[in-house]
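Visitor: Structure in structure tokens, see below.
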Amino acid sequence: MGTPVVLSSAPSMGQLFAKAALTARGRGGALPDTHLTRVAVAVDPAQVADYAEVCRFRFGDTLPATFPHGLTFPLQVALMADRSFPLALPGLVHVRNRVDVVRPISVTEKLDLEVWADRFAPHRSGATVDLVASVRSRGDEVWRGRSTYLARGASAPVASVPDVPDLEIGDVAQAALWRVPDDAGRRYAKVSGDVNPIHLSGLTAKAFGFKRAIAHGMWVKARALAALSGRLPSAFSVDVAFRKPLFLPSTVTLATGQREGGWDLAVRNAKAGTDHVLATVRPL
Amino acid sequence: MTRKAAIVGGNRIPFARSNKKYARASNQDMLTATIDGLVARHGLAGEQVGEVVAGAVLKHARDFNLTREAVLGSQLSPATPAYDVQQACGTGLEAAVLVANKIALGQIESGIAGGTDTTSDAPLAVNDDLRKVLIAANAAKTLPDRLKLLSRIRPGQLVPDQPRNVEPRTGLSMGEHAAITAKEWEISREAQDELAVASHHHLAAAYDRGFFDDLVTPFLGLTRDDNLRPDSTVEKLSTLKPVFGKGEGATMTAANSTPLTDGASAVLLASDEWAAEHKLPVWAHLVDAQTAAVDYVHGGEGLLMAPAYAMPVMLARNGLTLQDFDLYEIHEAFASTVLSTMKAWEDPGFCKEKLGLDAPLGPIDRSKLNVNGSSLAAGHPFAATGGRIVASLAKMLHEAGPGKRGLISICAAGGQGVVAILES
């Protein structure tokens, strides 16, 4: 393990995004081996209730499977906003996310969080980097997350990282139609703290080259998982590829198929049929 | 073909005082968690049970299919049918009776009966005048028509209608009704406080000896009902000011009345064959049940006195007397309700004139009453109380050995009552 840095509270995301934008120029080099950590983090049940409502999970004793991502995300952003990080945060695109729920986590557990960067790799349209999160409770790892970000046009220093195969899914059939409203990004930003301007409004999204605001990939992932409430194993891994951005507002379909004790999922544009999100859920 | 339905298990979440630990939990959240706890404890994940029947008294319009939605979000097979019932505070027991009757008739082999209520996440209705304008505006064909209608909205109409715990026909709260009955039956303050203290002591003792270990699943940080006060004493309660009734004779306080509470409960019922196949113990059978209703508006009867009327009908049908039971569970909506009901059963005049009996039903041995505590200590999330009582009583009878009889009596808003007999 690299340098551990313990933070006493969650860093402020608005400030981090601003800092990252101001220090975007002139970045490069290798990944820092910093590990950002927070210890004995108590979960606020009211925050879980807000998150559950926006993502359509039931609010109860068990944390929604994607909730710990929100706990570790500020550490990811802090790591990427720091000058030691080789890629500029503005313009990074979340292309893949894998979550391992090792066991259900209770809202009353105190959690130790750890985040670091990994796998700086060349990609056909630039370079990718993984931000890895590990969540422990009383010493045991209970949750893992791996977020892959793409920096278009960037180059990775070494090509020694093995390729990650593209995510493939089998046959799926439409299970639900979602009318995703204009304010979906703002609502998720409020409960997750992910205030990246590309999600908040058409105007702020245009400043970053998107024609309209786009939905948070992690919200789409969360809502797809929420649709499987009661139908998931107690320990599972959910791997998601983010394809075309989901512009707001949109009408999309969720398609599901049971496979290998788990599920294959697709969230697609209801009219064009283009893929927004593809996912596999497998028991661990 | 008739057979008796078996009670083979139960689960509830601890009950929480209004706007405390469960302030953000909806009825669907609590019912789903309660069903999942029952499923986990009895190994029913992915299984289809015959039917799930549950309800809520305070219900949002969006929860029209509450129980089915809870089933779909639970670990039960999505092929499990479900429906909602609502009979005020009788909901939970009525749900159990409905499931038991279908099992008795051979229409289903297993079922779950439950109930949930939240007074924290209660529905707020749009002001009725505003609602009518909005409906008319929505139906209007042209924009000018629509604007004309919307211009009729006044600031006062934007204040939502608050849910109130009053009887629609009398305008009195349930506590005010109970206070009238308490006065009529001359129920003393001291007797009410004694019953309340006993409820707290009994419930605390039951928790301490682990009685609820296989009946309660912790939820949102609660492991016991947070209304429970194990150190409650008659002296302490005697200092409280009355909250229902007026003047000298007012006896009902916040301590001898149940508080507003949030929670959910569920009971697993089955045929003996299904229970054996699933290697689940038969705690007790639901032998019989009876409902009754009284005219509390014009008829001069107390709002919560209907169980007094249901009881002799059920006893006669089963050839039993009120004394033929080993355990009694009389729902403590108010301490005075329990005491008024028992006093009525002992009263020759009431039993003759109102119940048409030759002799009074007689007294109940108080040492057999609510022995593991009841609603005054646990709290009373309206629709969840029946399931709490059925599961607890069935387990108590099972512990006492075969052939033991238990009696349940639950009063409900609207002048209704549900009573039932369980036997191990």
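The way I read the labels, and the way they are meant: chains A, B, ... in the order of the structure tokens, residue 1 as the first residue of every chain, and ligand 1 as the first ligand shown, with later ones counted on from there.
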Taking only C-alpha atoms into account, report as a list in words which residues of chain A lie within 7 Å of chain B.
Guide: Ala46, Ala49, Arg58, Phe59, Gly60, Asp61, Val107, Thr108, Ser229, Gly230 and Arg231 of chain A
Visitor: Assign secondary structure with DSSP using the backbone only, and return the residues of segment 41-281 of chain A in strand (DSSP E or B) as a VMD selection string.
Guide: chain A and resid 41 to 42 62 93 to 101 106 110 to 123 126 to 137 140 to 152 173 to 180 214 236 to 242 247 250 to 259 262 to 269 275 to 281
Visitor: Write out as a list of chain:residue names each polymer residue whose atoms come within 9 Å of Asp112 of chain A, counting only C-alpha atoms; drop sequence neighbours fewer than 5 positions from it.
Guide: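 These residues fall inside the cut-off: A:Thr37, A:Arg38, A:Val39, A:Ala40, A:Val41, A:Ser134, A:Val135, A:Arg136, A:Ser137, A:Arg138, A:Gly139.
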Visitor: Could you pull out the residues in segment 35-257 of chain A that DSSP calls helix (DSSP H, G or I) from the backbone, as an MDAnalysis selection string?
Guide: chainID A and resid 45:55 67:81 184:192 197:199 202:206 217:226
Visitor: For segment 346-350 of chain B, please output as a list in words all residues within 8 Å (counting only C-alpha atoms; exclusion window: fewer than 5 positions along the same chain).
Guide: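 Residues meeting the cut-off are Leu355, Ala359, Pro360, Leu361, Gly362 and Pro363 of chain B.
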Visitor: Using only C-alpha atoms, determine which residues lie at most 10 Å from Pro402 of chain B, disregarding the query and same-chain residues fewer than 6 positions distant; provide the list as a list of chain:residue names.
Guide: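 Listed by chain and then number, they are B:Trp283, B:Ala284, B:Glu423, B:Ser424.
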